[in-house]
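Comments concern the structure below.
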Amino acid sequence: MWESFGFEFINFYFIPGLVLGCIYALGAIGITLTFGILRFANFSHGEIMMTSSYLTWEFIMIFTSLGILAHPLIGAIPASICAILLALFVDRFFYKPFRNAPTIMIVIASFGMMLIIRSMVQVIWGPNQLTFVKGIAKPNAYIRDLTASFDFMLLIPNKHFSILIGTVLIMLLFNYLLSSTKIGKGMRAVSDNPDLAKVSGIDVENIIKATWIVGGFCAAAAGVFLAMDTQFIESTMGFRMLLPMFAAAILGGIGRPFGAVAGGLIIGLAEELSAYPWFGDGPVISPGYKSGVAFSIMVLMLIIKPSGLFKGKVF
């Protein structure tokens, strides 16, 4: 039974789906925070993800030129700082002037910012695909003899371990931020009712800055994890991730960060498992159409339950 079903299903569909779901979850956190606090869809979020992966690659090249063999997670530390500064810069000079403008104006501004950031990356690093990590990621084999005729084997490469463990650590840190810190409680208050929060003495502008810092950090982590998983980077990778991340945010509920995490995991698993040959005659959906699964789930959720699984906001 394990050889005919479990080995292929777990190692080639479930674990990759879980890894993809972690990447979607981290990216969806920034989207749902921005939507919940600033009340607009930030289309440039995916480009911040993409930029952080290029910056990580650049820092790795710098470390290598200095004779230092650096892991992508090491290069991700200064890259995440740059991504946060980029998010704050974009908010200060491009979004803040539209704080009291109609929502459609800031949405269009975010779409324009998406194109600006992508063009900037193409000018600096070129439009061609770059290899993020060279070589083939050899999986680690974990075998356990449960019975004489049943061997349990998992094939998990180190990059997947790093992504899964890194996501769990970020989620724990994020949970502590929201539940146990003053700035986290302020973020929740502004998300629930910004006018009441302002009257209560909360500095809304500081909360907005904190939102961009958290969103920029999560976007940077998602971008680096995506580059580690695919082992290459290119200038449209952020845009390709945008729809699944929006679908994850809507599925979990707008303004519900942990709902976005759940939505990301569901979308990632749904995309990968939809390509599994459930009926033995080839994949249910061709792998080339997996992105349509995220879009279908998003549309169905908007029709059936717009508030999402965790009863988020409906604007």
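Chains: A, B, ... in order of the structure tokens. Residues: from 1 per chain. Ligands: from 1, in order shown.
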- Task: Pick out each residue of range 83-288 of chain A that DSSP on the backbone tags as alpha helix (DSSP H); I need them as a ChimeraX atom specification.
- Result: /A:83-90,103-125,158-180,182-192,194-199,204-230,237-252,257-273
I need the residues from that last selection saved to file as a compact mmCIF listing (two decimals), in the first residue's frame (with C-alpha atoms), if you can.
# COMPACT_ATOMS: atom_id res chain seq x y z
CA ALA A 83 12.80 44.90 1.72
CA ILE A 84 11.40 46.54 4.86
CA LEU A 85 13.05 49.85 3.94
CA LEU A 86 11.60 49.56 0.43
CA ALA A 87 8.10 48.96 1.85
CA LEU A 88 8.41 51.97 4.17
CA PHE A 89 9.73 54.13 1.32
CA VAL A 90 6.85 53.14 -0.97
CA THR A 103 -9.86 53.54 -2.55
CA ILE A 104 -9.67 53.12 -6.33
CA MET A 105 -6.95 55.78 -6.51
CA ILE A 106 -4.60 54.02 -4.11
CA VAL A 107 -5.30 50.66 -5.77
CA ILE A 108 -4.25 52.13 -9.12
CA ALA A 109 -1.21 53.66 -7.42
CA SER A 110 -0.25 50.23 -6.05
CA PHE A 111 -0.60 48.71 -9.52
CA GLY A 112 1.68 51.43 -10.89
CA MET A 113 4.17 50.82 -8.09
CA MET A 114 4.18 47.13 -9.00
CA LEU A 115 5.29 48.00 -12.54
CA ILE A 116 7.86 50.53 -11.28
CA ILE A 117 9.53 48.03 -8.93
CA ARG A 118 9.57 45.30 -11.58
CA SER A 119 11.11 47.65 -14.14
CA MET A 120 13.70 48.78 -11.59
CA VAL A 121 14.70 45.16 -10.96
CA GLN A 122 14.93 44.46 -14.70
CA VAL A 123 17.16 47.51 -15.18
CA ILE A 124 19.51 46.49 -12.34
CA TRP A 125 19.66 42.70 -12.78
CA ASN A 158 17.28 20.34 3.16
CA LYS A 159 15.66 23.32 1.42
CA HIS A 160 12.20 22.02 2.36
CA PHE A 161 13.31 21.53 5.95
CA SER A 162 14.54 25.13 6.02
CA ILE A 163 11.28 26.45 4.56
CA LEU A 164 9.04 24.46 6.92
CA ILE A 165 11.04 25.22 10.07
CA GLY A 166 11.55 28.85 9.07
CA THR A 167 7.82 29.32 8.52
CA VAL A 168 6.98 27.80 11.91
CA LEU A 169 9.49 30.10 13.66
CA ILE A 170 8.14 33.18 11.87
CA MET A 171 4.57 32.20 12.78
CA LEU A 172 5.53 31.83 16.46
CA LEU A 173 7.25 35.21 16.39
CA PHE A 174 4.27 36.75 14.65
CA ASN A 175 1.87 35.23 17.20
CA TYR A 176 3.93 36.72 20.02
CA LEU A 177 3.93 40.11 18.31
CA LEU A 178 0.14 40.22 17.90
CA SER A 179 -0.82 38.76 21.26
CA SER A 180 1.81 39.98 23.70
CA LYS A 182 1.71 46.83 22.61
CA ILE A 183 2.28 47.39 18.90
CA GLY A 184 0.57 44.09 18.07
CA LYS A 185 -2.48 44.96 20.14
CA GLY A 186 -2.53 48.35 18.45
CA MET A 187 -2.49 46.68 15.04
CA ARG A 188 -5.48 44.55 16.01
CA ALA A 189 -7.33 47.59 17.33
CA VAL A 190 -6.73 49.66 14.19
CA SER A 191 -7.78 46.71 12.04
CA ASP A 192 -11.06 46.34 13.96
CA PRO A 194 -9.39 52.68 13.00
CA ASP A 195 -11.51 55.67 14.08
CA LEU A 196 -12.12 54.29 17.56
CA ALA A 197 -8.45 53.37 17.87
CA LYS A 198 -7.41 56.92 16.97
CA VAL A 199 -9.83 58.41 19.51
CA VAL A 204 -2.30 55.19 13.80
CA GLU A 205 0.69 56.32 11.70
CA ASN A 206 3.05 54.30 13.90
CA ILE A 207 0.74 51.31 13.54
CA ILE A 208 0.81 51.73 9.77
CA LYS A 209 4.63 51.79 9.82
CA ALA A 210 4.64 48.64 11.95
CA THR A 211 2.28 47.03 9.44
CA TRP A 212 4.67 47.74 6.58
CA ILE A 213 7.61 46.43 8.61
CA VAL A 214 5.84 43.15 9.36
CA GLY A 215 4.47 42.87 5.83
CA GLY A 216 7.86 43.64 4.30
CA PHE A 217 9.60 41.06 6.48
CA CYS A 218 7.05 38.34 5.66
CA ALA A 219 7.24 39.23 1.95
CA ALA A 220 11.04 38.96 2.09
CA ALA A 221 10.83 35.56 3.79
CA ALA A 222 8.28 34.33 1.23
CA GLY A 223 10.42 35.56 -1.67
CA VAL A 224 13.57 33.88 -0.38
CA PHE A 225 11.74 30.63 0.39
CA LEU A 226 10.22 30.62 -3.10
CA ALA A 227 13.67 31.15 -4.67
CA MET A 228 15.11 28.35 -2.51
CA ASP A 229 12.32 26.02 -3.58
CA THR A 230 12.46 26.72 -7.33
CA MET A 237 7.85 35.57 -10.06
CA GLY A 238 6.17 38.02 -7.69
CA PHE A 239 3.27 38.70 -10.04
CA ARG A 240 2.70 34.97 -10.54
CA MET A 241 2.42 34.54 -6.77
CA LEU A 242 0.04 37.46 -6.31
CA LEU A 243 -3.21 35.70 -7.23
CA PRO A 244 -2.67 32.65 -4.96
CA MET A 245 -1.71 34.96 -2.09
CA PHE A 246 -4.84 37.06 -2.57
CA ALA A 247 -6.84 33.84 -2.74
CA ALA A 248 -5.27 32.72 0.55
CA ALA A 249 -6.06 36.05 2.23
CA ILE A 250 -9.69 35.95 1.02
CA LEU A 251 -10.09 32.29 1.96
CA GLY A 252 -8.86 32.90 5.50
CA PRO A 257 -3.50 37.03 9.74
CA PHE A 258 -3.81 33.48 11.02
CA GLY A 259 -6.70 32.96 8.64
CA ALA A 260 -4.28 33.94 5.86
CA VAL A 261 -1.87 31.27 7.11
CA ALA A 262 -4.61 28.63 7.02
CA GLY A 263 -5.74 29.87 3.61
CA GLY A 264 -2.18 29.69 2.27
CA LEU A 265 -1.76 26.10 3.41
CA ILE A 266 -5.11 25.11 1.91
CA ILE A 267 -4.36 26.81 -1.43
CA GLY A 268 -0.87 25.28 -1.63
CA LEU A 269 -2.11 21.77 -0.87
CA ALA A 270 -5.08 22.15 -3.22
CA GLU A 271 -2.83 23.19 -6.11
CA GLU A 272 -0.44 20.28 -5.69
CA LEU A 273 -3.03 17.61 -4.88
Report as a PDB file with N, CA and C atoms, in the first residue's frame all protein, DNA and RNA residues lying within 12 Å of Gly288 in chain A, evaluated on only C-alpha atoms, omitting residues in the same chain fewer than 3 positions from it.
ATOM      1  N   GLU A 271      -3.500  23.099  -4.809  1.00  0.00           N
ATOM      2  CA  GLU A 271      -2.832  23.187  -6.109  1.00  0.00           C
ATOM      3  C   GLU A 271      -2.037  21.922  -6.409  1.00  0.00           C
ATOM      4  N   GLU A 272      -1.277  21.454  -5.443  1.00  0.00           N
ATOM      5  CA  GLU A 272      -0.439  20.279  -5.686  1.00  0.00           C
ATOM      6  C   GLU A 272      -1.267  18.995  -5.771  1.00  0.00           C
ATOM      7  N   SER A 274      -4.289  18.664  -6.685  1.00  0.00           N
ATOM      8  CA  SER A 274      -5.148  18.629  -7.864  1.00  0.00           C
ATOM      9  C   SER A 274      -4.454  17.960  -9.044  1.00  0.00           C
ATOM     10  N   ALA A 275      -3.127  17.892  -9.011  1.00  0.00           N
ATOM     11  CA  ALA A 275      -2.372  17.260 -10.093  1.00  0.00           C
ATOM     12  C   ALA A 275      -2.094  15.782  -9.818  1.00  0.00           C
ATOM     13  N   PRO A 283      -3.134  12.914 -14.161  1.00  0.00           N
ATOM     14  CA  PRO A 283      -3.542  13.932 -13.181  1.00  0.00           C
ATOM     15  C   PRO A 283      -4.961  14.428 -13.420  1.00  0.00           C
ATOM     16  N   VAL A 284      -5.640  14.775 -12.333  1.00  0.00           N
ATOM     17  CA  VAL A 284      -6.992  15.329 -12.453  1.00  0.00           C
ATOM     18  C   VAL A 284      -6.951  16.630 -13.233  1.00  0.00           C
ATOM     19  N   ILE A 285      -5.982  17.473 -12.921  1.00  0.00           N
ATOM     20  CA  ILE A 285      -5.767  18.738 -13.626  1.00  0.00           C
ATOM     21  C   ILE A 285      -4.317  18.775 -14.066  1.00  0.00           C
ATOM     22  N   SER A 291      -2.588  26.917 -11.264  1.00  0.00           N
ATOM     23  CA  SER A 291      -2.908  28.255 -10.765  1.00  0.00           C
ATOM     24  C   SER A 291      -4.402  28.544 -10.846  1.00  0.00           C
ATOM     25  N   GLY A 292      -5.099  27.865 -11.748  1.00  0.00           N
ATOM     26  CA  GLY A 292      -6.544  28.046 -11.844  1.00  0.00           C
ATOM     27  C   GLY A 292      -7.278  27.551 -10.611  1.00  0.00           C
ATOM     28  N   VAL A 293      -6.646  26.638  -9.862  1.00  0.00           N
ATOM     29  CA  VAL A 293      -7.268  26.126  -8.634  1.00  0.00           C
ATOM     30  C   VAL A 293      -7.406  27.244  -7.620  1.00  0.00           C
TER      31      VAL A 293
END
- Secondary structure check, strand (DSSP E or B) residues of range 37-200 of chain A, as a list in words: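 Filtering range 37-200 of chain A down to strand (DSSP E or B) leaves Leu130, Thr131, Pro139, Asn140, Ala141, Tyr142, Ile143, Arg144, Asp145, Leu146, Thr147, Phe150, Asp151, Phe152, Met153, Leu154, Leu155, Ile156 and Pro157 of chain A.
The spacing separating CA of Ile156 in chain A from CA of Glu8 in chain A amounts to 12.5 Å.
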- Query: Which of these residues is nearest to Thr236 in chain A, using only C-alpha atoms: A:Ala79, A:Ile303, A:Ile48, A:Ala70?
  - Reply: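 Ranked by minimum distance to Thr236 in chain A, first place goes to A:Ile48.
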- Query: Expressed in Å to a single decimal, how great is the separation between CA of Phe40 in chain A and CA of Lys305 in chain A?
  - Reply: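 We find that CA of Phe40 in chain A and CA of Lys305 in chain A lie 19.7 Å from each other.
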